[in-house]
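Colleague: Provided below: protein_24.cif, containing mmCIF, C-alpha atoms.
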```
data_coords
loop_
_atom_site.label_atom_id
_atom_site.label_comp_id
_atom_site.auth_asym_id
_atom_site.auth_seq_id
_atom_site.Cartn_x
_atom_site.Cartn_y
_atom_site.Cartn_z
CA MET A 29 0.06 9.49 -19.45
CA HIS A 30 1.07 6.07 -20.68
CA PRO A 31 -1.36 3.27 -19.77
CA THR A 32 0.48 1.05 -22.28
CA LEU A 33 4.25 0.95 -21.79
CA PHE A 34 5.08 -0.74 -25.07
CA THR A 35 3.94 -3.36 -27.57
CA VAL A 36 5.96 -6.54 -28.04
CA PRO A 37 7.31 -6.46 -31.62
CA GLY A 38 5.94 -9.19 -33.83
CA ALA A 39 3.46 -10.49 -31.24
CA GLY A 40 1.36 -7.36 -30.86
CA TRP A 41 1.07 -7.86 -27.10
CA GLU A 42 0.54 -4.65 -25.17
CA VAL A 43 2.40 -4.40 -21.87
CA GLN A 44 0.24 -2.34 -19.52
CA ALA A 45 1.96 0.15 -17.24
CA TYR A 46 -0.01 -0.78 -14.14
CA GLY A 47 0.52 -4.52 -14.50
CA ALA A 48 4.22 -4.15 -15.28
CA LEU A 49 4.90 -1.82 -12.36
CA MET A 50 2.80 -3.93 -10.01
CA GLY A 51 4.98 -6.91 -10.93
CA LEU A 52 8.11 -4.82 -10.37
CA ALA A 53 6.77 -3.71 -6.98
CA LEU A 54 6.22 -7.31 -5.90
CA LEU A 55 9.70 -8.38 -7.02
CA LEU A 56 11.46 -5.48 -5.31
CA GLY A 57 9.35 -6.01 -2.20
CA TRP A 58 10.43 -9.64 -2.12
CA TYR A 59 14.09 -8.66 -2.51
CA VAL A 60 13.97 -5.99 0.21
CA THR A 61 12.12 -8.26 2.63
CA LEU A 62 14.60 -11.12 2.26
CA ARG A 63 17.62 -8.85 2.48
CA LEU A 64 16.38 -7.30 5.71
CA ALA A 65 15.36 -10.72 7.03
CA ARG A 66 18.88 -12.01 6.48
CA ALA A 67 20.28 -8.99 8.33
CA ASP A 68 17.86 -9.67 11.21
CA LEU A 69 18.93 -13.33 11.50
CA LEU A 70 15.59 -14.67 10.24
CA PRO A 71 15.31 -17.79 8.05
CA THR A 72 14.99 -16.42 4.52
CA ASP A 73 13.37 -19.59 3.18
CA ARG A 74 10.41 -19.35 5.55
CA VAL A 75 10.22 -15.56 5.25
CA GLY A 76 10.17 -15.92 1.46
CA THR A 77 7.26 -18.34 1.69
CA LEU A 78 5.52 -15.97 4.09
CA TYR A 79 5.94 -13.14 1.59
CA VAL A 80 4.25 -15.14 -1.18
CA VAL A 81 1.41 -16.24 1.11
CA SER A 82 0.81 -12.68 2.32
CA ILE A 83 0.89 -11.21 -1.19
CA VAL A 84 -1.59 -13.76 -2.55
CA ALA A 85 -3.91 -13.24 0.43
CA GLY A 86 -3.58 -9.46 0.16
CA ILE A 87 -4.32 -9.30 -3.56
CA LEU A 88 -7.27 -11.70 -3.43
CA GLY A 89 -8.63 -10.08 -0.27
CA GLY A 90 -8.25 -6.59 -1.68
CA ARG A 91 -9.90 -7.60 -4.94
CA ALA A 92 -12.79 -9.36 -3.17
CA HIS A 93 -13.39 -6.38 -0.85
CA TRP A 94 -13.40 -4.00 -3.82
CA MET A 95 -15.85 -6.18 -5.76
CA LEU A 96 -18.21 -6.37 -2.77
CA GLN A 97 -18.39 -2.57 -2.73
CA GLN A 98 -19.46 -2.37 -6.38
CA PRO A 99 -23.12 -2.26 -7.50
CA THR A 100 -22.61 -5.19 -9.89
CA PRO A 101 -23.12 -8.78 -8.64
CA PHE A 102 -20.07 -10.57 -7.25
CA GLU A 103 -18.56 -12.94 -9.83
CA TRP A 104 -15.86 -15.42 -8.83
CA SER A 105 -14.46 -15.39 -12.36
CA ARG A 106 -13.52 -11.71 -11.95
CA LEU A 107 -11.65 -12.28 -8.68
CA VAL A 108 -8.33 -12.99 -10.39
CA ALA A 109 -8.67 -10.10 -12.87
CA LEU A 110 -6.55 -7.20 -11.63
CA PRO A 111 -7.37 -3.99 -13.50
CA ALA A 112 -5.77 -0.76 -12.37
CA GLY A 113 -7.72 0.64 -9.45
CA GLY A 114 -9.63 -2.61 -8.83
CA LEU A 115 -8.23 -3.32 -5.36
CA SER A 116 -9.29 -2.27 -1.88
CA VAL A 117 -6.33 -1.18 0.23
CA VAL A 118 -8.12 -1.86 3.51
CA GLY A 119 -9.22 -5.35 2.51
CA GLY A 120 -5.81 -6.18 1.06
CA ILE A 121 -3.80 -5.09 4.09
CA PHE A 122 -6.17 -6.81 6.51
CA CYS A 123 -6.04 -10.15 4.69
CA ALA A 124 -2.25 -9.94 4.25
CA LEU A 125 -1.69 -9.27 7.96
CA VAL A 126 -4.03 -12.08 9.03
CA ALA A 127 -2.36 -14.53 6.63
CA SER A 128 1.10 -13.51 7.83
CA ALA A 129 0.12 -13.93 11.49
CA ILE A 130 -1.26 -17.42 10.84
CA TYR A 131 1.82 -18.46 8.89
CA CYS A 132 4.22 -17.09 11.52
CA ALA A 133 2.41 -19.04 14.23
CA ARG A 134 2.67 -22.26 12.22
CA ALA A 135 6.27 -21.66 11.10
CA ARG A 136 7.41 -20.57 14.58
CA LEU A 137 8.53 -17.14 13.43
CA PRO A 138 8.39 -13.93 15.54
CA TRP A 139 5.65 -11.95 13.79
CA PHE A 140 6.80 -8.46 14.79
CA ALA A 141 10.38 -9.18 13.74
CA VAL A 142 9.17 -10.31 10.33
CA MET A 143 6.89 -7.27 10.00
CA ASP A 144 9.88 -5.00 10.63
CA CYS A 145 11.42 -6.51 7.49
CA GLY A 146 8.23 -6.31 5.47
CA ALA A 147 7.33 -2.72 6.41
CA PRO A 148 10.07 -1.00 4.36
CA ALA A 149 9.29 -3.37 1.47
CA PHE A 150 5.65 -2.31 1.73
CA SER A 151 6.69 1.33 1.28
CA VAL A 152 8.75 0.41 -1.78
CA GLY A 153 5.73 -1.36 -3.21
CA VAL A 154 3.45 1.62 -2.60
CA ILE A 155 5.87 3.96 -4.39
CA ILE A 156 6.01 1.84 -7.53
CA GLU A 157 2.33 0.82 -7.53
CA ARG A 158 1.15 4.42 -7.20
CA ILE A 159 3.34 5.46 -10.13
CA GLY A 160 1.73 2.66 -12.12
CA ALA A 161 -1.72 3.93 -11.15
CA PHE A 162 -0.71 7.43 -12.25
CA LEU A 163 0.42 6.19 -15.66
CA ALA A 164 -2.77 4.15 -16.06
CA GLY A 165 -5.02 7.01 -14.97
CA ALA A 166 -6.50 5.01 -12.08
CA ASP A 167 -7.47 6.45 -8.68
CA PHE A 168 -7.15 9.95 -10.11
CA GLY A 169 -7.67 13.13 -8.13
CA ALA A 170 -10.53 15.59 -7.95
CA TYR A 171 -10.90 18.55 -10.28
CA VAL A 172 -8.78 21.52 -9.24
CA GLY A 173 -9.58 25.01 -10.50
CA PRO A 174 -7.20 27.90 -11.19
CA ARG A 175 -7.93 29.43 -7.78
CA ASP A 176 -7.69 26.19 -5.82
CA VAL A 177 -4.69 25.14 -3.75
CA GLY A 178 -2.56 22.72 -5.72
CA TYR A 179 -3.46 24.01 -9.17
CA ASP A 180 0.21 24.44 -10.09
CA LEU A 181 0.70 20.70 -9.50
CA ALA A 182 -2.42 19.64 -11.40
CA VAL A 183 -2.21 17.32 -14.40
CA ARG A 184 -4.45 16.70 -17.42
CA TYR A 185 -5.06 13.28 -18.90
CA PRO A 186 -5.39 12.75 -22.66
CA ALA A 187 -8.58 11.73 -24.44
CA GLY A 188 -9.50 8.08 -24.05
CA THR A 189 -8.28 7.75 -20.46
CA PRO A 190 -10.65 6.99 -17.55
CA VAL A 191 -10.22 10.56 -16.27
CA TYR A 192 -11.18 12.06 -19.62
CA ARG A 193 -14.26 9.87 -20.01
CA PHE A 194 -15.34 10.69 -16.46
CA HIS A 195 -15.00 14.42 -17.04
CA ARG A 196 -16.88 14.27 -20.35
CA VAL A 197 -19.85 13.01 -18.37
CA THR A 198 -19.58 14.96 -15.12
CA LEU A 199 -17.95 18.21 -16.28
CA ASP A 200 -19.23 18.42 -19.84
CA GLY A 201 -19.61 22.03 -20.91
CA MET A 202 -16.81 23.40 -18.76
CA ASP A 203 -14.02 25.18 -20.58
CA ALA A 204 -11.53 23.12 -18.56
CA VAL A 205 -12.51 19.99 -20.52
CA SER A 206 -11.24 20.06 -24.10
CA ASP A 207 -11.48 17.64 -27.00
CA VAL A 208 -7.97 16.36 -26.33
CA ALA A 209 -7.55 16.44 -22.56
CA SER A 210 -9.39 16.19 -19.27
CA ALA A 211 -9.83 18.98 -16.78
CA PRO A 212 -6.89 19.51 -14.39
CA VAL A 213 -6.88 17.10 -11.45
CA HIS A 214 -4.80 16.53 -8.36
CA PRO A 215 -2.07 13.92 -9.05
CA THR A 216 -3.10 12.05 -5.90
CA GLN A 217 -1.17 8.97 -7.00
CA LEU A 218 2.07 10.95 -7.00
CA TYR A 219 1.17 12.56 -3.68
CA ALA A 220 0.86 9.06 -2.23
CA ALA A 221 4.12 7.94 -3.85
CA GLY A 222 5.90 10.96 -2.38
CA MET A 223 4.55 10.22 1.09
CA ALA A 224 5.66 6.60 0.70
CA VAL A 225 9.20 7.81 -0.08
CA ILE A 226 9.19 9.75 3.19
CA THR A 227 7.83 6.72 5.03
CA LEU A 228 10.56 4.52 3.55
CA LEU A 229 13.28 6.92 4.67
CA VAL A 230 11.80 7.02 8.17
CA ALA A 231 11.68 3.20 8.25
CA LEU A 232 15.33 2.84 7.23
CA TRP A 233 16.38 5.50 9.73
CA LEU A 234 14.38 3.88 12.52
CA ARG A 235 15.76 0.39 11.86
CA ARG A 236 19.14 1.62 13.07
CA ARG A 237 17.66 3.09 16.24
CA ARG A 238 14.79 0.74 17.14
CA ARG A 239 14.43 -0.42 20.72
CA PHE A 240 12.09 -3.37 20.14
CA SER A 241 10.82 -5.55 17.32
CA GLY A 242 7.66 -4.11 15.84
CA GLN A 243 8.70 -0.48 16.18
CA VAL A 244 9.40 -0.10 12.46
CA PHE A 245 6.11 -1.81 11.59
CA PHE A 246 4.07 0.52 13.80
CA ALA A 247 5.83 3.60 12.38
CA VAL A 248 5.34 2.62 8.74
CA PHE A 249 1.73 1.54 9.17
CA GLY A 250 0.88 4.67 11.16
CA LEU A 251 2.49 7.02 8.65
CA TYR A 252 0.74 5.24 5.79
CA VAL A 253 -2.66 5.63 7.44
CA ILE A 254 -2.00 9.32 8.16
CA ALA A 255 -0.85 9.94 4.58
CA ARG A 256 -4.01 8.39 3.15
CA MET A 257 -6.18 10.28 5.63
CA ILE A 258 -4.67 13.73 5.06
CA VAL A 259 -3.19 13.67 1.56
CA GLU A 260 -4.71 11.06 -0.72
CA GLU A 261 -8.29 10.24 0.26
CA PRO A 262 -9.66 13.83 0.59
CA LEU A 263 -8.29 14.81 -2.83
CA ARG A 264 -9.51 11.82 -4.85
CA TYR A 265 -12.32 12.18 -7.36
CA ASP A 266 -14.41 9.61 -5.49
CA ALA A 267 -13.89 11.04 -2.00
CA VAL A 268 -16.91 10.27 0.17
CA PRO A 269 -18.99 13.16 1.60
CA ASP A 270 -18.28 14.70 4.99
CA LEU A 271 -19.53 12.68 7.95
CA LEU A 272 -18.70 14.62 11.12
CA GLY A 273 -18.15 18.28 10.36
CA PRO A 274 -15.07 18.49 8.12
CA LEU A 275 -14.24 14.82 8.70
CA ARG A 276 -14.98 12.27 6.01
CA THR A 277 -15.83 8.63 6.62
CA SER A 278 -12.31 7.57 5.62
CA MET A 279 -10.82 10.09 8.04
CA VAL A 280 -12.93 8.85 10.94
CA SER A 281 -11.90 5.27 10.17
CA ALA A 282 -8.25 6.32 9.90
CA LEU A 283 -8.39 8.17 13.22
CA GLY A 284 -9.83 5.07 14.87
CA LEU A 285 -7.09 2.93 13.36
CA CYS A 286 -4.41 5.39 14.48
CA LEU A 287 -5.79 5.18 18.02
CA ILE A 288 -5.59 1.38 17.93
CA LEU A 289 -2.02 1.55 16.61
CA ALA A 290 -1.03 4.03 19.32
CA ILE A 291 -2.41 1.78 22.06
CA ALA A 292 -0.73 -1.31 20.58
CA TYR A 293 2.56 0.59 20.29
CA GLN A 294 2.37 1.70 23.91
CA LEU A 295 1.65 -1.84 25.09
CA ARG A 296 4.55 -3.19 23.07
CA ASP A 297 6.84 -0.44 24.33
CA SER A 298 5.86 -1.13 27.95
CA ARG A 299 6.56 -4.82 27.49
CA ALA A 300 9.95 -4.01 25.95
CA ARG A 301 10.92 -2.15 29.12
CA ARG A 302 10.39 -5.33 31.16
CA GLU A 303 11.87 -7.93 28.82
CA ASP A 304 14.13 -8.21 25.81
CA LEU A 305 12.14 -7.82 22.59
CA GLN A 306 15.09 -7.13 20.31
CA GLN A 307 14.37 -10.18 18.20
CA TRP A 308 16.63 -9.06 15.36
CA ARG A 309 19.52 -10.30 17.49
CA GLY A 310 18.40 -13.85 16.79
CA GLY A 311 16.57 -16.63 18.57
CA PRO A 312 15.46 -20.25 18.15
CA TRP A 313 14.20 -19.35 14.67
CA THR A 314 17.68 -18.30 13.52
CA PRO A 315 19.31 -20.77 11.09
CA GLY A 316 21.97 -22.84 12.86
CA ARG A 317 20.54 -22.44 16.35
CA GLU A 318 18.68 -25.10 18.27
CA ALA A 319 14.92 -24.51 18.29
CA SER A 320 14.59 -25.18 21.97
CA GLN A 321 12.69 -22.04 22.90
CA GLU A 322 9.40 -20.51 21.91
CA PRO A 323 9.65 -17.25 19.95
CA ALA A 324 8.55 -14.26 22.02
CA GLY A 325 5.56 -12.43 20.60
#
```
Could you write out this file's structure as structure tokens?
Modeller:
Amino acid sequence: MHPTLFTVPGAGWEVQAYGALMGLALLLGWYVTLRLARADLLPTDRVGTLYVVSIVAGILGGRAHWMLQQPTPFEWSRLVALPAGGLSVVGGIFCALVASAIYCARARLPWFAVMDCGAPAFSVGVIIERIGAFLAGADFGAYVGPRDVGYDLAVRYPAGTPVYRFHRVTLDGMDAVSDVASAPVHPTQLYAAGMAVITLLVALWLRRRRRFSGQVFFAVFGLYVIARMIVEEPLRYDAVPDLLGPLRTSMVSALGLCLILAIAYQLRDSRARREDLQQWRGGPWTPGREASQEPAG
């Protein structure tokens, strides 16, 4: 793998794969969000500000939540340090959604309409960020033996990577661990990236067929939760033990979240049958129109 993409000639600065691809993910996410916002007759200036606010809140929230789960004391100075794998997805998404809801209320923007623009951008970001994690060796998968399902897709990381150091401690003595490479592991980062590609395609397909604002958001968020529950979390090296029979703690949490999403979707769908919630057709928030009405939902 390639944790360092390249070194700047003359300066000796190493450009890390995770940081570079994270930056690319944020830029592409911004571009996709604004392009879809323009197509949905939303004010791109306010949506652009919303994007920045949500990203900052998501990164800081995800970092803080991750640090609180570590055995080391919480240090404010480490909050802005963003090493590969040092973010909590749950904390990040929660803080980003809360920040976006607050901003939309203040800026008089329809939250669900904006989320329908941000959801495909989120999938784009996941694809690129997970590739960065793969190159950096962060969030790697569990050991997979020759007789295990998925062995043909397994990868080995070279000496010096986090995976290799972890295996030298936990799997030392096994023939699978050599002096130059780790034992074979599931490429969970690429599994997640592949699922995000599918989610992105579903989002783009659904945007052309949606019946109400928020439908794309619910679909993307639901598919993302399911992908983490079934594909990524159970196959990671740090997967938590089983909690209820074959279900892990993360799976139970994901099932609960899926239930909440299903109920919220049904409520939104029922409301859309009684009133017009196709907010991508424009409203008082649309540039050039008089802001004489309150945005619906």
Colleague: Going by the chain IDs and residue numbers used in this file, which residues fall under the PyMOL selection byres ((chain A and resi 184-188) around 10)? Write them as a list in words.
Modeller: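 Checked against the file, the PyMOL selection byres ((chain A and resi 184-188) around 10) matches Met29, His30, Phe162, Leu163, Ala164, Gly165, Phe168, Tyr171, Ala182, Val183, Thr189, Pro190, Val191, Tyr192, Arg193, Phe194, Arg196, Ala204, Val205, Ser206, Asp207, Val208, Ala209, Ser210, Ala211, Pro212, Val213, His214 and Pro215 of chain A.
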Colleague: Quick one: what's the axis-aligned box for segment 166-174 of chain A, all listed atoms, 5 Å on every side, centre and edges in Å to one decimal, as AutoDock Vina command-line options?
Modeller:
```
--center_x -8.7 --center_y 16.5 --center_z -10.0 --size_x 14.4 --size_y 32.9 --size_z 14.1
```
Colleague: Take atom CA of Ala231 of chain A and atom CA of Ala147 of chain A and report the distance between them in Å, one decimal.
Modeller: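 A separation of 7.6 Å between them.
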Colleague: Go through the shown structure with the PyMOL selection byres ((chain A and resi 34-49) around 8) and write out the matching residues as a VMD selection string.
Modeller: chain A and resid 30 to 33 50 to 53 111 to 112 156 to 157 159 to 161 163 to 164
Colleague: What is the distance between atom CA of Arg158 of chain A and atom CA of Ala220 of chain A, in Å to one decimal?
Modeller: 6.8 Å
Colleague: For the file shown, report as a short mmCIF file (atom, residue, chain, number, x, y, z; two decimals) with C-alpha atoms, in the coordinates of the input the outcome of the PyMOL selection byres ((chain A and resi 65) around 10) at residue level.
Modeller:
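Full text of selection.cif as output:
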```cif
data_model
loop_
_atom_site.label_atom_id
_atom_site.label_comp_id
_atom_site.auth_asym_id
_atom_site.auth_seq_id
_atom_site.Cartn_x
_atom_site.Cartn_y
_atom_site.Cartn_z
CA TYR A 59 14.09 -8.66 -2.51
CA VAL A 60 13.97 -5.99 0.21
CA THR A 61 12.12 -8.26 2.63
CA LEU A 62 14.60 -11.12 2.26
CA ARG A 63 17.62 -8.85 2.48
CA LEU A 64 16.38 -7.30 5.71
CA ARG A 66 18.88 -12.01 6.48
CA ALA A 67 20.28 -8.99 8.33
CA ASP A 68 17.86 -9.67 11.21
CA LEU A 69 18.93 -13.33 11.50
CA LEU A 70 15.59 -14.67 10.24
CA PRO A 71 15.31 -17.79 8.05
CA THR A 72 14.99 -16.42 4.52
CA ASP A 73 13.37 -19.59 3.18
CA VAL A 75 10.22 -15.56 5.25
CA GLY A 76 10.17 -15.92 1.46
CA ALA A 141 10.38 -9.18 13.74
CA VAL A 142 9.17 -10.31 10.33
CA MET A 143 6.89 -7.27 10.00
CA ASP A 144 9.88 -5.00 10.63
CA CYS A 145 11.42 -6.51 7.49
CA GLY A 146 8.23 -6.31 5.47
CA TRP A 308 16.63 -9.06 15.36
#
```
Colleague: Report the distance between atom CA of Thr198 of chain A and atom CA of Ala166 of chain A in Å, rounded to one decimal place.
Modeller: 16.7 Å
Colleague: Applying 6 Å and all atoms listed in the file, which residues near segment 94-101 of chain A remain after dropping the ones on its own chain fewer than 3 positions away? List them as a list in words.
Modeller: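 Non-adjacent residues within range: Arg91, Leu115 and Ser116 of chain A.
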Colleague: Counting all atoms listed in the file, which of A:Ile291, A:Leu137, A:Ala224, A:Val253 gets nearest to Gly311 of chain A?
Modeller: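 Of A:Ile291, A:Leu137, A:Ala224, A:Val253, the one nearest Gly311 of chain A, counting all atoms listed in the file, is A:Leu137.
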Colleague: When you look at segment 82-88 of chain A with a cut-off of 8 Å (counting only C-alpha atoms), what residues show up, excluding the ones that are within fewer than 4 positions of it in the same chain? I need them as a ChimeraX atom specification.
Modeller: /A:78,92,107-108,115,119-125,127-128
Colleague: Taking into account all atoms listed in the file, which residue in the set A:Ile254, A:Gly242, A:Val152, A:Val80 is nearest to Leu295 of chain A?
Modeller: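 Among the listed residues, A:Gly242 lies closest to Leu295 of chain A.
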Colleague: Could you rebuild segment 42-57 of chain A with N, CA and C atoms and give it back as a PDB file, in the coordinates of the input?
Modeller:
```
ATOM      1  N   GLU A  42       0.366  -5.926 -25.846  1.00  0.00           N
ATOM      2  CA  GLU A  42       0.540  -4.650 -25.170  1.00  0.00           C
ATOM      3  C   GLU A  42       0.894  -4.887 -23.700  1.00  0.00           C
ATOM      4  N   VAL A  43       1.979  -4.302 -23.267  1.00  0.00           N
ATOM      5  CA  VAL A  43       2.400  -4.400 -21.870  1.00  0.00           C
ATOM      6  C   VAL A  43       1.851  -3.182 -21.127  1.00  0.00           C
ATOM      7  N   GLN A  44       0.894  -3.427 -20.240  1.00  0.00           N
ATOM      8  CA  GLN A  44       0.240  -2.340 -19.520  1.00  0.00           C
ATOM      9  C   GLN A  44       1.128  -1.801 -18.403  1.00  0.00           C
ATOM     10  N   ALA A  45       1.106  -0.494 -18.239  1.00  0.00           N
ATOM     11  CA  ALA A  45       1.960   0.150 -17.240  1.00  0.00           C
ATOM     12  C   ALA A  45       1.637  -0.327 -15.833  1.00  0.00           C
ATOM     13  N   TYR A  46       0.349  -0.412 -15.513  1.00  0.00           N
ATOM     14  CA  TYR A  46      -0.010  -0.780 -14.140  1.00  0.00           C
ATOM     15  C   TYR A  46       0.421  -2.209 -13.829  1.00  0.00           C
ATOM     16  N   GLY A  47       0.144  -3.131 -14.734  1.00  0.00           N
ATOM     17  CA  GLY A  47       0.520  -4.520 -14.500  1.00  0.00           C
ATOM     18  C   GLY A  47       2.019  -4.704 -14.399  1.00  0.00           C
ATOM     19  N   ALA A  48       2.761  -4.022 -15.281  1.00  0.00           N
ATOM     20  CA  ALA A  48       4.220  -4.150 -15.280  1.00  0.00           C
ATOM     21  C   ALA A  48       4.819  -3.595 -13.988  1.00  0.00           C
ATOM     22  N   LEU A  49       4.345  -2.425 -13.566  1.00  0.00           N
ATOM     23  CA  LEU A  49       4.900  -1.820 -12.360  1.00  0.00           C
ATOM     24  C   LEU A  49       4.430  -2.547 -11.098  1.00  0.00           C
ATOM     25  N   MET A  50       3.241  -3.117 -11.141  1.00  0.00           N
ATOM     26  CA  MET A  50       2.800  -3.930 -10.010  1.00  0.00           C
ATOM     27  C   MET A  50       3.716  -5.150  -9.858  1.00  0.00           C
ATOM     28  N   GLY A  51       4.046  -5.783 -10.983  1.00  0.00           N
ATOM     29  CA  GLY A  51       4.980  -6.910 -10.930  1.00  0.00           C
ATOM     30  C   GLY A  51       6.337  -6.495 -10.414  1.00  0.00           C
ATOM     31  N   LEU A  52       6.826  -5.326 -10.858  1.00  0.00           N
ATOM     32  CA  LEU A  52       8.110  -4.820 -10.370  1.00  0.00           C
ATOM     33  C   LEU A  52       8.049  -4.546  -8.875  1.00  0.00           C
ATOM     34  N   ALA A  53       6.928  -3.993  -8.411  1.00  0.00           N
ATOM     35  CA  ALA A  53       6.770  -3.710  -6.980  1.00  0.00           C
ATOM     36  C   ALA A  53       6.839  -4.980  -6.152  1.00  0.00           C
ATOM     37  N   LEU A  54       6.208  -6.040  -6.636  1.00  0.00           N
ATOM     38  CA  LEU A  54       6.220  -7.310  -5.900  1.00  0.00           C
ATOM     39  C   LEU A  54       7.620  -7.910  -5.860  1.00  0.00           C
ATOM     40  N   LEU A  55       8.343  -7.832  -6.977  1.00  0.00           N
ATOM     41  CA  LEU A  55       9.700  -8.380  -7.020  1.00  0.00           C
ATOM     42  C   LEU A  55      10.644  -7.606  -6.103  1.00  0.00           C
ATOM     43  N   LEU A  56      10.585  -6.283  -6.168  1.00  0.00           N
ATOM     44  CA  LEU A  56      11.460  -5.480  -5.310  1.00  0.00           C
ATOM     45  C   LEU A  56      11.083  -5.653  -3.838  1.00  0.00           C
ATOM     46  N   GLY A  57       9.782  -5.767  -3.574  1.00  0.00           N
ATOM     47  CA  GLY A  57       9.350  -6.010  -2.200  1.00  0.00           C
ATOM     48  C   GLY A  57       9.888  -7.313  -1.663  1.00  0.00           C
TER      49      GLY A  57
END
```
